[in-house]
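K.L.:
For reference, this is model_14.csv, and it has CSV, C-alpha atoms.
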chain,number,residue,atom,x,y,z
Z,216,MET,CA,14.0,279.7,15.7
Z,217,SER,CA,11.8,277.2,13.9
Z,218,LEU,CA,8.3,277.7,12.8
Z,219,TRP,CA,7.4,274.4,14.4
Z,220,GLU,CA,7.9,276.0,17.9
Z,221,TYR,CA,4.5,277.6,17.4
Z,222,ALA,CA,3.0,274.1,17.3
Z,223,ASN,CA,3.5,274.2,21.0
Z,224,PRO,CA,0.2,275.6,22.4
Z,225,THR,CA,1.9,277.5,25.2
Z,226,ARG,CA,4.3,279.1,22.8
Z,227,PHE,CA,1.5,279.9,20.4
Z,228,MET,CA,-0.6,281.6,23.2
Z,229,GLN,CA,2.4,283.7,24.2
Z,230,THR,CA,3.2,284.9,20.7
Z,231,SER,CA,-0.4,285.4,19.5
Z,232,GLY,CA,-1.2,287.3,22.7
Z,233,LYS,CA,1.5,289.9,21.8
Z,234,LEU,CA,0.6,289.9,18.0
Z,235,LEU,CA,-3.2,290.1,18.3
Z,236,PRO,CA,-3.5,293.8,19.5
Z,237,VAL,CA,-1.1,295.0,16.8
Z,238,VAL,CA,-2.8,293.1,14.0
Z,239,THR,CA,-6.3,294.2,15.2
Z,240,VAL,CA,-5.3,297.9,15.2
Z,241,LEU,CA,-3.6,297.6,11.8
Z,242,SER,CA,-6.7,295.8,10.3
Z,243,LEU,CA,-9.1,298.4,11.6
Z,244,ALA,CA,-6.9,301.2,10.3
Z,245,CYS,CA,-6.6,299.6,6.8
Z,246,LEU,CA,-10.4,298.8,6.7
Z,247,ILE,CA,-11.5,302.3,7.7
Z,248,VAL,CA,-9.0,304.0,5.3
Z,249,GLY,CA,-9.7,301.6,2.4
Z,250,LEU,CA,-13.5,301.7,2.7
Z,251,ILE,CA,-13.8,305.4,3.3
Z,252,TRP,CA,-11.4,306.2,0.5
Z,253,GLY,CA,-13.2,303.9,-1.9
Z,254,PHE,CA,-16.7,304.9,-0.9
Z,255,PHE,CA,-16.3,308.7,-0.5
Z,256,PHE,CA,-13.3,309.7,-2.6
Z,257,THR,CA,-13.4,307.6,-5.8
Z,258,PRO,CA,-15.3,308.5,-9.0
Z,259,ASP,CA,-18.1,306.5,-10.6
Z,260,ASP,CA,-17.2,304.1,-13.4
Z,261,PHE,CA,-18.3,305.1,-16.9
Z,262,ARG,CA,-20.1,301.8,-17.3
Z,263,GLN,CA,-21.0,300.6,-13.8
Z,264,GLY,CA,-21.8,304.0,-12.3
Z,265,SER,CA,-21.6,304.1,-8.5
Z,266,THR,CA,-22.0,300.3,-8.2
Z,267,VAL,CA,-18.2,300.2,-8.8
Z,268,LYS,CA,-17.9,301.1,-5.1
Z,269,ILE,CA,-19.0,297.5,-4.3
Z,270,ILE,CA,-15.6,296.3,-5.6
Z,271,TYR,CA,-14.0,297.4,-2.2
Z,272,LEU,CA,-16.1,294.7,-0.5
Z,273,HIS,CA,-16.6,292.1,-3.1
Z,274,VAL,CA,-13.0,291.6,-4.4
Z,275,PRO,CA,-11.3,291.4,-0.9
Z,276,SER,CA,-14.0,289.1,0.5
Z,277,ALA,CA,-13.9,286.8,-2.5
Z,278,LEU,CA,-10.1,286.7,-2.3
Z,279,MET,CA,-10.2,285.9,1.4
Z,280,ALA,CA,-13.0,283.2,0.9
Z,281,ILE,CA,-10.6,281.3,-1.4
Z,282,ASN,CA,-7.4,282.0,0.5
Z,283,THR,CA,-9.0,281.0,3.8
Z,284,TRP,CA,-9.7,277.6,2.4
Z,285,LEU,CA,-6.1,277.4,1.1
Z,286,MET,CA,-4.8,278.3,4.6
Z,287,MET,CA,-7.1,275.5,6.0
Z,288,LEU,CA,-5.6,273.1,3.4
Z,289,VAL,CA,-2.0,273.9,4.5
Z,290,THR,CA,-2.9,273.6,8.3
Z,291,SER,CA,-4.9,270.4,7.6
Z,292,LEU,CA,-1.9,268.9,5.8
Z,293,ILE,CA,0.3,269.8,8.7
Z,294,TRP,CA,-2.1,268.0,11.0
Z,295,LEU,CA,-2.3,264.9,8.8
Z,296,ILE,CA,1.5,264.7,8.3
Z,297,ARG,CA,2.9,266.0,11.6
Z,298,ARG,CA,0.0,265.7,14.0
Z,299,HIS,CA,0.4,269.2,15.5
Z,300,HIS,CA,-2.9,270.0,17.4
Z,301,VAL,CA,-2.5,273.8,17.0
Z,302,SER,CA,-2.6,273.5,13.2
Z,303,ALA,CA,-5.8,271.5,13.3
Z,304,LEU,CA,-7.4,274.0,15.7
Z,305,ALA,CA,-6.2,276.9,13.4
Z,306,ALA,CA,-8.1,275.3,10.5
Z,307,LYS,CA,-11.2,274.9,12.6
Z,308,ALA,CA,-10.9,278.5,13.8
Z,309,ALA,CA,-10.5,279.8,10.2
Z,310,ALA,CA,-13.7,278.2,8.8
Z,311,PRO,CA,-16.3,280.6,10.3
Z,312,VAL,CA,-14.2,283.5,9.0
Z,313,GLY,CA,-14.0,281.9,5.6
Z,314,ILE,CA,-17.8,281.3,5.4
Z,315,ALA,CA,-18.5,284.9,6.4
Z,316,MET,CA,-16.2,286.1,3.6
Z,317,THR,CA,-17.9,283.7,1.1
Z,318,VAL,CA,-21.3,285.1,2.2
Z,319,ILE,CA,-20.2,288.7,1.7
Z,320,ALA,CA,-18.7,287.8,-1.7
Z,321,LEU,CA,-21.9,286.0,-2.8
Z,322,VAL,CA,-24.3,288.7,-1.5
Z,323,THR,CA,-22.4,291.7,-2.8
Z,324,GLY,CA,-21.9,289.9,-6.1
Z,325,ALA,CA,-25.7,289.2,-6.4
Z,326,ILE,CA,-26.6,292.8,-5.4
Z,327,TRP,CA,-24.2,294.2,-8.0
Z,328,GLY,CA,-25.4,291.6,-10.6
Z,329,GLN,CA,-29.0,292.7,-10.5
Z,330,PRO,CA,-28.5,296.2,-12.1
Z,331,MET,CA,-25.4,295.2,-14.2
Z,332,TRP,CA,-26.3,291.7,-15.5
Z,333,GLY,CA,-30.1,292.0,-15.0
Z,334,THR,CA,-30.1,289.1,-12.6
Z,335,TYR,CA,-29.1,288.3,-9.0
Z,336,TRP,CA,-27.9,284.9,-9.9
Z,337,ALA,CA,-26.7,282.9,-12.9
Z,338,TRP,CA,-25.3,279.4,-13.1
Z,339,ASP,CA,-22.0,280.8,-14.2
Z,340,PRO,CA,-18.9,278.7,-13.6
Z,341,ARG,CA,-17.4,281.1,-11.1
Z,342,LEU,CA,-20.6,281.8,-9.2
Z,343,THR,CA,-21.5,278.1,-9.1
Z,344,SER,CA,-18.1,277.0,-7.9
Z,345,PHE,CA,-18.3,279.7,-5.2
Z,346,LEU,CA,-21.7,278.4,-4.1
Z,347,ILE,CA,-20.2,274.9,-3.8
Z,348,LEU,CA,-17.3,276.4,-1.8
Z,349,PHE,CA,-19.9,277.9,0.6
Z,350,LEU,CA,-21.5,274.4,0.9
Z,351,PHE,CA,-18.1,272.9,1.7
Z,352,TYR,CA,-17.5,275.5,4.4
Z,353,LEU,CA,-20.9,274.5,5.9
Z,354,GLY,CA,-20.1,270.8,5.7
Z,355,TYR,CA,-16.6,271.3,7.2
Z,356,MET,CA,-18.1,273.2,10.2
Z,357,ALA,CA,-20.9,270.7,10.6
Z,358,LEU,CA,-18.4,267.8,10.6
Z,359,TRP,CA,-16.3,269.4,13.3
Z,360,ALA,CA,-19.5,269.9,15.4
Z,361,ALA,CA,-20.8,266.4,14.8
Z,362,ILE,CA,-17.8,264.3,16.0
Z,363,GLU,CA,-17.0,264.2,19.7
Z,364,ASN,CA,-13.4,262.9,19.5
Z,365,PRO,CA,-11.3,265.9,18.5
Z,366,ASP,CA,-8.6,264.0,16.8
Z,367,THR,CA,-11.0,262.0,14.7
Z,368,ALA,CA,-12.8,265.2,13.9
Z,369,ALA,CA,-9.5,266.8,12.8
Z,370,ASP,CA,-8.7,263.7,10.6
Z,371,LEU,CA,-12.0,263.7,8.8
Z,372,THR,CA,-12.3,267.5,8.4
Z,373,SER,CA,-8.7,267.5,7.0
Z,374,VAL,CA,-9.8,265.0,4.3
Z,375,LEU,CA,-12.9,267.0,3.5
Z,376,CYS,CA,-10.6,270.1,3.3
Z,377,LEU,CA,-8.4,268.3,0.7
Z,378,VAL,CA,-11.5,267.5,-1.4
Z,379,GLY,CA,-12.9,271.0,-1.1
Z,380,SER,CA,-9.6,272.5,-2.2
Z,381,VAL,CA,-10.6,271.5,-5.8
Z,382,PHE,CA,-13.5,273.9,-5.6
Z,383,ALA,CA,-11.5,276.6,-3.9
Z,384,LEU,CA,-9.1,276.5,-6.8
Z,385,LEU,CA,-11.9,276.1,-9.3
Z,386,SER,CA,-13.6,279.2,-8.0
Z,387,ARG,CA,-10.4,281.2,-8.5
Z,388,TYR,CA,-9.6,279.9,-12.0
Z,389,ALA,CA,-13.1,279.1,-13.3
Z,390,VAL,CA,-13.1,282.2,-15.5
Z,391,ASN,CA,-9.9,281.1,-17.1
Z,392,PHE,CA,-11.0,277.4,-17.5
Z,393,TRP,CA,-14.3,278.1,-19.2
Z,394,ASN,CA,-14.8,281.0,-21.6
Z,395,GLN,CA,-18.5,281.3,-20.8
Z,396,GLY,CA,-20.7,282.8,-18.1
Z,397,LEU,CA,-21.3,286.3,-16.9
Z,398,HIS,CA,-18.5,286.8,-14.5
Z,399,GLN,CA,-15.7,289.0,-15.9
Z,400,GLY,CA,-12.0,288.3,-15.5
Z,401,ALA,CA,-9.8,289.2,-12.5
Z,402,SER,CA,-9.9,292.7,-11.2
Z,403,LEU,CA,-6.4,292.4,-10.0
Z,404,SER,CA,-3.5,290.8,-11.8
Z,405,LEU,CA,0.3,290.9,-11.8
Z,406,ASP,CA,0.0,292.0,-15.4
Z,407,LYS,CA,-0.8,295.7,-15.0
Z,408,GLU,CA,-2.7,295.8,-18.3
Z,409,GLU,CA,-5.4,293.6,-16.9
Z,410,HIS,CA,-6.3,295.2,-13.6
Z,411,VAL,CA,-8.6,298.1,-12.8
Z,412,ALA,CA,-7.7,301.8,-13.2
Z,413,ASP,CA,-5.3,303.3,-10.6
Z,414,VAL,CA,-8.0,305.5,-9.1
Z,415,PHE,CA,-9.9,302.3,-8.0
Z,416,TYR,CA,-6.7,300.1,-7.6
Z,417,PHE,CA,-5.0,301.9,-4.7
Z,418,PRO,CA,-8.0,302.1,-2.3
Z,419,LEU,CA,-8.8,298.5,-3.3
Z,420,LEU,CA,-5.3,297.4,-2.2
Z,421,VAL,CA,-5.7,299.1,1.2
Z,422,SER,CA,-9.1,297.4,1.6
Z,423,ILE,CA,-7.6,294.1,0.7
Z,424,ALA,CA,-4.9,294.6,3.3
Z,425,GLY,CA,-7.6,295.4,5.8
Z,426,PHE,CA,-9.5,292.2,5.0
Z,427,VAL,CA,-6.2,290.1,5.2
Z,428,LEU,CA,-5.3,291.6,8.5
Z,429,LEU,CA,-8.8,291.2,9.9
Z,430,PHE,CA,-8.7,287.5,8.8
Z,431,LEU,CA,-5.3,287.1,10.6
Z,432,ALA,CA,-6.6,288.8,13.8
Z,433,LEU,CA,-9.8,286.7,13.9
Z,434,VAL,CA,-7.9,283.5,13.2
Z,435,LEU,CA,-5.5,284.3,16.0
Z,436,LEU,CA,-8.3,285.1,18.4
Z,437,ARG,CA,-10.4,282.1,17.4
Z,438,THR,CA,-7.4,279.7,17.6
Z,439,ARG,CA,-6.7,280.9,21.1
Z,440,THR,CA,-10.3,280.2,22.0
Z,441,GLU,CA,-10.0,276.7,20.5
Z,442,ILE,CA,-6.8,276.0,22.5
Z,443,ARG,CA,-8.5,277.2,25.7
Z,444,ASN,CA,-11.6,275.0,25.0
Z,445,ARG,CA,-9.3,272.0,24.3
Z,446,ARG,CA,-7.4,272.6,27.6
Z,447,ALA,CA,-10.7,273.0,29.5
Z,448,GLY,CA,-11.9,269.7,28.0
Z,449,ALA,CA,-8.7,267.9,29.0
Z,450,LEU,CA,-8.9,269.2,32.6
Z,451,ILE,CA,-12.6,268.1,32.9
Z,452,SER,CA,-11.6,264.6,31.6
Z,453,ARG,CA,-8.8,264.4,34.2
Z,454,GLU,CA,-11.2,265.5,36.9
Z,455,ARG,CA,-13.6,262.7,35.9
Z,456,LEU,CA,-10.8,260.1,35.9
Z,457,GLY,CA,-9.6,261.3,39.3
W,93,MET,CA,-22.3,311.5,1.3
W,94,PRO,CA,-21.4,311.0,-2.3
W,95,ASP,CA,-24.1,311.1,-5.0
W,96,LEU,CA,-24.8,307.5,-5.7
W,97,GLY,CA,-27.5,308.3,-8.3
W,98,LYS,CA,-29.9,305.6,-9.3
W,99,TYR,CA,-27.8,302.8,-7.8
W,100,ALA,CA,-27.9,304.3,-4.2
W,101,ASP,CA,-30.0,301.4,-2.9
W,102,THR,CA,-27.7,298.8,-4.5
W,103,VAL,CA,-24.5,300.3,-3.1
W,104,LEU,CA,-25.9,301.1,0.4
W,105,SER,CA,-27.5,297.6,0.8
W,106,ALA,CA,-24.2,295.9,-0.2
W,107,TYR,CA,-22.3,298.0,2.4
W,108,ALA,CA,-24.9,297.5,5.1
W,109,ILE,CA,-25.1,293.7,4.7
W,110,SER,CA,-21.3,293.3,4.5
W,111,ILE,CA,-20.6,295.5,7.5
W,112,ALA,CA,-23.3,293.7,9.5
W,113,VAL,CA,-21.8,290.3,8.7
W,114,LEU,CA,-18.3,291.5,9.6
W,115,ILE,CA,-19.5,293.1,12.9
W,116,GLY,CA,-21.5,289.9,13.7
W,117,LEU,CA,-18.4,287.7,13.1
W,118,VAL,CA,-16.2,289.9,15.3
W,119,ALA,CA,-18.7,290.1,18.1
W,120,LEU,CA,-19.3,286.3,18.0
W,121,SER,CA,-15.5,285.7,18.1
W,122,ILE,CA,-15.0,288.0,21.0
W,123,TRP,CA,-18.0,286.6,22.9
W,124,GLN,CA,-16.8,283.0,22.4
W,125,SER,CA,-13.2,284.0,23.4
W,126,ARG,CA,-14.4,285.6,26.7
W,127,ARG,CA,-16.6,282.6,27.4
W,128,ALA,CA,-13.8,280.1,26.9
W,129,GLN,CA,-11.4,282.2,29.0
W,130,ALA,CA,-13.9,282.4,31.9
W,131,ARG,CA,-14.7,278.7,31.7
W,132,LEU,CA,-11.0,277.7,31.6
W,133,ALA,CA,-10.2,280.0,34.6
W,134,GLU,CA,-13.0,278.4,36.6
W,135,ILE,CA,-11.9,274.9,35.8
W,136,GLU,CA,-8.3,275.7,36.5
W,137,ALA,CA,-9.2,277.2,39.9
W,138,ARG,CA,-11.3,274.2,40.8
W,139,SER,CA,-8.5,271.9,39.7
W,140,ASN,CA,-5.9,273.8,41.7
W,141,ALA,CA,-8.2,273.8,44.8
W,142,ALA,CA,-8.6,270.0,44.5
W,143,LYS,CA,-4.8,269.5,44.2
W,144,SER,CA,-4.1,271.6,47.4
W,145,THR,CA,-6.6,269.7,49.5
Show me this structure written as structure tokens.
P.N.:
Amino acid sequence: MSLWEYANPTRFMQTSGKLLPVVTVLSLACLIVGLIWGFFFTPDDFRQGSTVKIIYLHVPSALMAINTWLMMLVTSLIWLIRRHHVSALAAKAAAPVGIAMTVIALVTGAIWGQPMWGTYWAWDPRLTSFLILFLFYLGYMALWAAIENPDTAADLTSVLCLVGSVFALLSRYAVNFWNQGLHQGASLSLDKEEHVADVFYFPLLVSIAGFVLLFLALVLLRTRTEIRNRRAGALISRERLG
Amino acid sequence: MPDLGKYADTVLSAYAISIAVLIGLVALSIWQSRRAQARLAEIEARSNAAKST
């Protein structure tokens, strides 16, 4: 079976209808376990005190803010190259999830920054590129809303997505590019020497799994909504012509 | 409830805002989904009725 079969809206609706309840239950389970484990059953950090508990929200949301845009980039490219409507609608459906994740990452980072850095905000490379990513999400959603023809909207938002991908990547690697600013290096890394202590690491992984699955559940749900709206629009146009 | 010490306000406000944003996003997505489903059902019913007449 080919992946491209899911470009057929009927096929997508059938499969996503079966997947959605499973993914929703799994995401809730991981979120509840990860956040409760992190909040109630992990110790304070010797430097950060209890503010280390914010890591279970900040890291997963920041990770999803960037990866949502990368998912939108892939689906936008599929739209531009192969003209599959479901992929364009999936990108549109993912944007509100991405902006919510960006807001959580920015707000929790600012709240953590006040006691740790002595300021809510600094024009640090990572923080600034994240703010620009937030503005790109806003612009992307505004562009979809502003253009009436859905294919033209998909074309223009896909191009915007390509441009915004520079900032999505920059927000991920800004710390590595510039050796300045307040933001510390990655909390997670394939190199075990670099990431946080195991006592924080395992609940963090469960929390990340919860955020990833929540993203998947919401994108499936929202793409189904977009497909229904598109079909409703097509039927209304047919009625008017008739 | 764990002892959050002098950072209690910081930690609790981060959790409260994040959970509120997530609940808002889920609620909005479910509401939009139900509205789209009902609208499509209504249009399809109207379309089928027009075809049968």
K.L.:
For chain Z, which residues have at least one atom within 9 Å of chain W, if we go by all atoms listed in the file? Write them as a ChimeraX atom specification, please.
P.N.:
/Z:254-256,259,264-269,272-273,311-312,315-316,318-320,322-324,326-327,329-330,433,436-437,439-441,443-444,446-448,450-451,454
K.L.:
Would you mind exporting the chosen residues as a PDB file, in the coordinates of the input, restricted to C-alpha atoms?
P.N.:
ATOM      1  CA  PHE Z 254     -16.700 304.900  -0.900  1.00  0.00           C
ATOM      2  CA  PHE Z 255     -16.300 308.700  -0.500  1.00  0.00           C
ATOM      3  CA  PHE Z 256     -13.300 309.700  -2.600  1.00  0.00           C
ATOM      4  CA  ASP Z 259     -18.100 306.500 -10.600  1.00  0.00           C
ATOM      5  CA  GLY Z 264     -21.800 304.000 -12.300  1.00  0.00           C
ATOM      6  CA  SER Z 265     -21.600 304.100  -8.500  1.00  0.00           C
ATOM      7  CA  THR Z 266     -22.000 300.300  -8.200  1.00  0.00           C
ATOM      8  CA  VAL Z 267     -18.200 300.200  -8.800  1.00  0.00           C
ATOM      9  CA  LYS Z 268     -17.900 301.100  -5.100  1.00  0.00           C
ATOM     10  CA  ILE Z 269     -19.000 297.500  -4.300  1.00  0.00           C
ATOM     11  CA  LEU Z 272     -16.100 294.700  -0.500  1.00  0.00           C
ATOM     12  CA  HIS Z 273     -16.600 292.100  -3.100  1.00  0.00           C
ATOM     13  CA  PRO Z 311     -16.300 280.600  10.300  1.00  0.00           C
ATOM     14  CA  VAL Z 312     -14.200 283.500   9.000  1.00  0.00           C
ATOM     15  CA  ALA Z 315     -18.500 284.900   6.400  1.00  0.00           C
ATOM     16  CA  MET Z 316     -16.200 286.100   3.600  1.00  0.00           C
ATOM     17  CA  VAL Z 318     -21.300 285.100   2.200  1.00  0.00           C
ATOM     18  CA  ILE Z 319     -20.200 288.700   1.700  1.00  0.00           C
ATOM     19  CA  ALA Z 320     -18.700 287.800  -1.700  1.00  0.00           C
ATOM     20  CA  VAL Z 322     -24.300 288.700  -1.500  1.00  0.00           C
ATOM     21  CA  THR Z 323     -22.400 291.700  -2.800  1.00  0.00           C
ATOM     22  CA  GLY Z 324     -21.900 289.900  -6.100  1.00  0.00           C
ATOM     23  CA  ILE Z 326     -26.600 292.800  -5.400  1.00  0.00           C
ATOM     24  CA  TRP Z 327     -24.200 294.200  -8.000  1.00  0.00           C
ATOM     25  CA  GLN Z 329     -29.000 292.700 -10.500  1.00  0.00           C
ATOM     26  CA  PRO Z 330     -28.500 296.200 -12.100  1.00  0.00           C
ATOM     27  CA  LEU Z 433      -9.800 286.700  13.900  1.00  0.00           C
ATOM     28  CA  LEU Z 436      -8.300 285.100  18.400  1.00  0.00           C
ATOM     29  CA  ARG Z 437     -10.400 282.100  17.400  1.00  0.00           C
ATOM     30  CA  ARG Z 439      -6.700 280.900  21.100  1.00  0.00           C
ATOM     31  CA  THR Z 440     -10.300 280.200  22.000  1.00  0.00           C
ATOM     32  CA  GLU Z 441     -10.000 276.700  20.500  1.00  0.00           C
ATOM     33  CA  ARG Z 443      -8.500 277.200  25.700  1.00  0.00           C
ATOM     34  CA  ASN Z 444     -11.600 275.000  25.000  1.00  0.00           C
ATOM     35  CA  ARG Z 446      -7.400 272.600  27.600  1.00  0.00           C
ATOM     36  CA  ALA Z 447     -10.700 273.000  29.500  1.00  0.00           C
ATOM     37  CA  GLY Z 448     -11.900 269.700  28.000  1.00  0.00           C
ATOM     38  CA  LEU Z 450      -8.900 269.200  32.600  1.00  0.00           C
ATOM     39  CA  ILE Z 451     -12.600 268.100  32.900  1.00  0.00           C
ATOM     40  CA  GLU Z 454     -11.200 265.500  36.900  1.00  0.00           C
TER      41      GLU Z 454
END
K.L.:
Please provide as an mmCIF file with C-alpha atoms, in the coordinates of the input all residues within 12 Å of Asn223 of chain Z, with the sequence filter that same-chain residues fewer than 2 positions apart are discarded (counting only C-alpha atoms).
P.N.:
data_model
loop_
_atom_site.group_PDB
_atom_site.id
_atom_site.type_symbol
_atom_site.label_atom_id
_atom_site.label_comp_id
_atom_site.auth_asym_id
_atom_site.auth_seq_id
_atom_site.Cartn_x
_atom_site.Cartn_y
_atom_site.Cartn_z
ATOM 1 C CA SER Z 217 11.800 277.200 13.900
ATOM 2 C CA LEU Z 218 8.300 277.700 12.800
ATOM 3 C CA TRP Z 219 7.400 274.400 14.400
ATOM 4 C CA GLU Z 220 7.900 276.000 17.900
ATOM 5 C CA TYR Z 221 4.500 277.600 17.400
ATOM 6 C CA THR Z 225 1.900 277.500 25.200
ATOM 7 C CA ARG Z 226 4.300 279.100 22.800
ATOM 8 C CA PHE Z 227 1.500 279.900 20.400
ATOM 9 C CA MET Z 228 -0.600 281.600 23.200
ATOM 10 C CA GLN Z 229 2.400 283.700 24.200
ATOM 11 C CA THR Z 230 3.200 284.900 20.700
ATOM 12 C CA SER Z 231 -0.400 285.400 19.500
ATOM 13 C CA ARG Z 298 0.000 265.700 14.000
ATOM 14 C CA HIS Z 299 0.400 269.200 15.500
ATOM 15 C CA HIS Z 300 -2.900 270.000 17.400
ATOM 16 C CA VAL Z 301 -2.500 273.800 17.000
ATOM 17 C CA SER Z 302 -2.600 273.500 13.200
ATOM 18 C CA ILE Z 442 -6.800 276.000 22.500
#
K.L.:
Rounded to one decimal in Å, what is the spacing between atom CA of Leu371 of chain Z and atom CA of Pro224 of chain Z?
P.N.:
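That distance, rounded to one decimal, is 21.8 Å.
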K.L.:
Find the distance between atom CA of Gly249 of chain Z and atom CA of Gly333 of chain Z and write it in Å to one decimal.
P.N.:
28.5 Å
K.L.:
Give as a PyMOL selection string each residue that has an atom at most 10 Å from (-9.7, 273.7, 3.0) in the file, counting only C-alpha atoms.
P.N.:
chain Z and resi 281-292+306-307+309-310+313+348+351-352+355+372-383
K.L.:
Would you mind reading off the distance between atom CA of Ala222 of chain Z and atom CA of Trp294 of chain Z, one decimal, in Å?
P.N.:
10.1 Å
K.L.:
Some atoms are absent from segment 104-124 of chain W, so rebuild N, CA and C atoms and return them as a compact mmCIF listing (two decimals), in the frame of the given file.
P.N.:
# COMPACT_ATOMS: atom_id res chain seq x y z
N LEU W 104 -25.69 300.99 -1.10
CA LEU W 104 -25.90 301.10 0.40
C LEU W 104 -26.25 299.72 0.96
N SER W 105 -27.08 298.95 0.25
CA SER W 105 -27.50 297.60 0.80
C SER W 105 -26.25 296.70 0.82
N ALA W 106 -25.39 296.78 -0.20
CA ALA W 106 -24.20 295.90 -0.20
C ALA W 106 -23.29 296.27 0.97
N TYR W 107 -23.11 297.56 1.23
CA TYR W 107 -22.30 298.00 2.40
C TYR W 107 -22.91 297.58 3.70
N ALA W 108 -24.23 297.82 3.81
CA ALA W 108 -24.90 297.50 5.10
C ALA W 108 -24.81 296.05 5.43
N ILE W 109 -25.09 295.18 4.45
CA ILE W 109 -25.10 293.70 4.70
C ILE W 109 -23.64 293.28 5.04
N SER W 110 -22.67 293.75 4.28
CA SER W 110 -21.30 293.30 4.50
C SER W 110 -20.78 293.75 5.87
N ILE W 111 -21.06 295.01 6.21
CA ILE W 111 -20.60 295.50 7.50
C ILE W 111 -21.29 294.77 8.65
N ALA W 112 -22.57 294.48 8.47
CA ALA W 112 -23.30 293.70 9.50
C ALA W 112 -22.71 292.33 9.67
N VAL W 113 -22.37 291.66 8.57
CA VAL W 113 -21.80 290.30 8.70
C VAL W 113 -20.42 290.39 9.38
N LEU W 114 -19.60 291.39 9.02
CA LEU W 114 -18.30 291.50 9.60
C LEU W 114 -18.40 291.83 11.14
N ILE W 115 -19.31 292.74 11.49
CA ILE W 115 -19.50 293.10 12.90
C ILE W 115 -20.00 291.86 13.68
N GLY W 116 -20.93 291.13 13.08
CA GLY W 116 -21.50 289.90 13.70
C GLY W 116 -20.37 288.89 13.95
N LEU W 117 -19.50 288.71 12.96
CA LEU W 117 -18.40 287.70 13.10
C LEU W 117 -17.43 288.15 14.19
N VAL W 118 -17.08 289.44 14.22
CA VAL W 118 -16.20 289.90 15.30
C VAL W 118 -16.79 289.78 16.64
N ALA W 119 -18.06 290.18 16.76
CA ALA W 119 -18.70 290.10 18.10
C ALA W 119 -18.85 288.66 18.53
N LEU W 120 -19.19 287.75 17.63
CA LEU W 120 -19.30 286.30 18.00
C LEU W 120 -17.94 285.79 18.44
N SER W 121 -16.88 286.16 17.73
CA SER W 121 -15.50 285.70 18.10
C SER W 121 -15.10 286.19 19.43
N ILE W 122 -15.39 287.46 19.73
CA ILE W 122 -15.00 288.00 21.00
C ILE W 122 -15.81 287.37 22.14
N TRP W 123 -17.10 287.18 21.91
CA TRP W 123 -18.00 286.60 22.90
C TRP W 123 -17.51 285.12 23.21
N GLN W 124 -17.22 284.36 22.17
CA GLN W 124 -16.80 283.00 22.40
C GLN W 124 -15.41 282.95 23.10
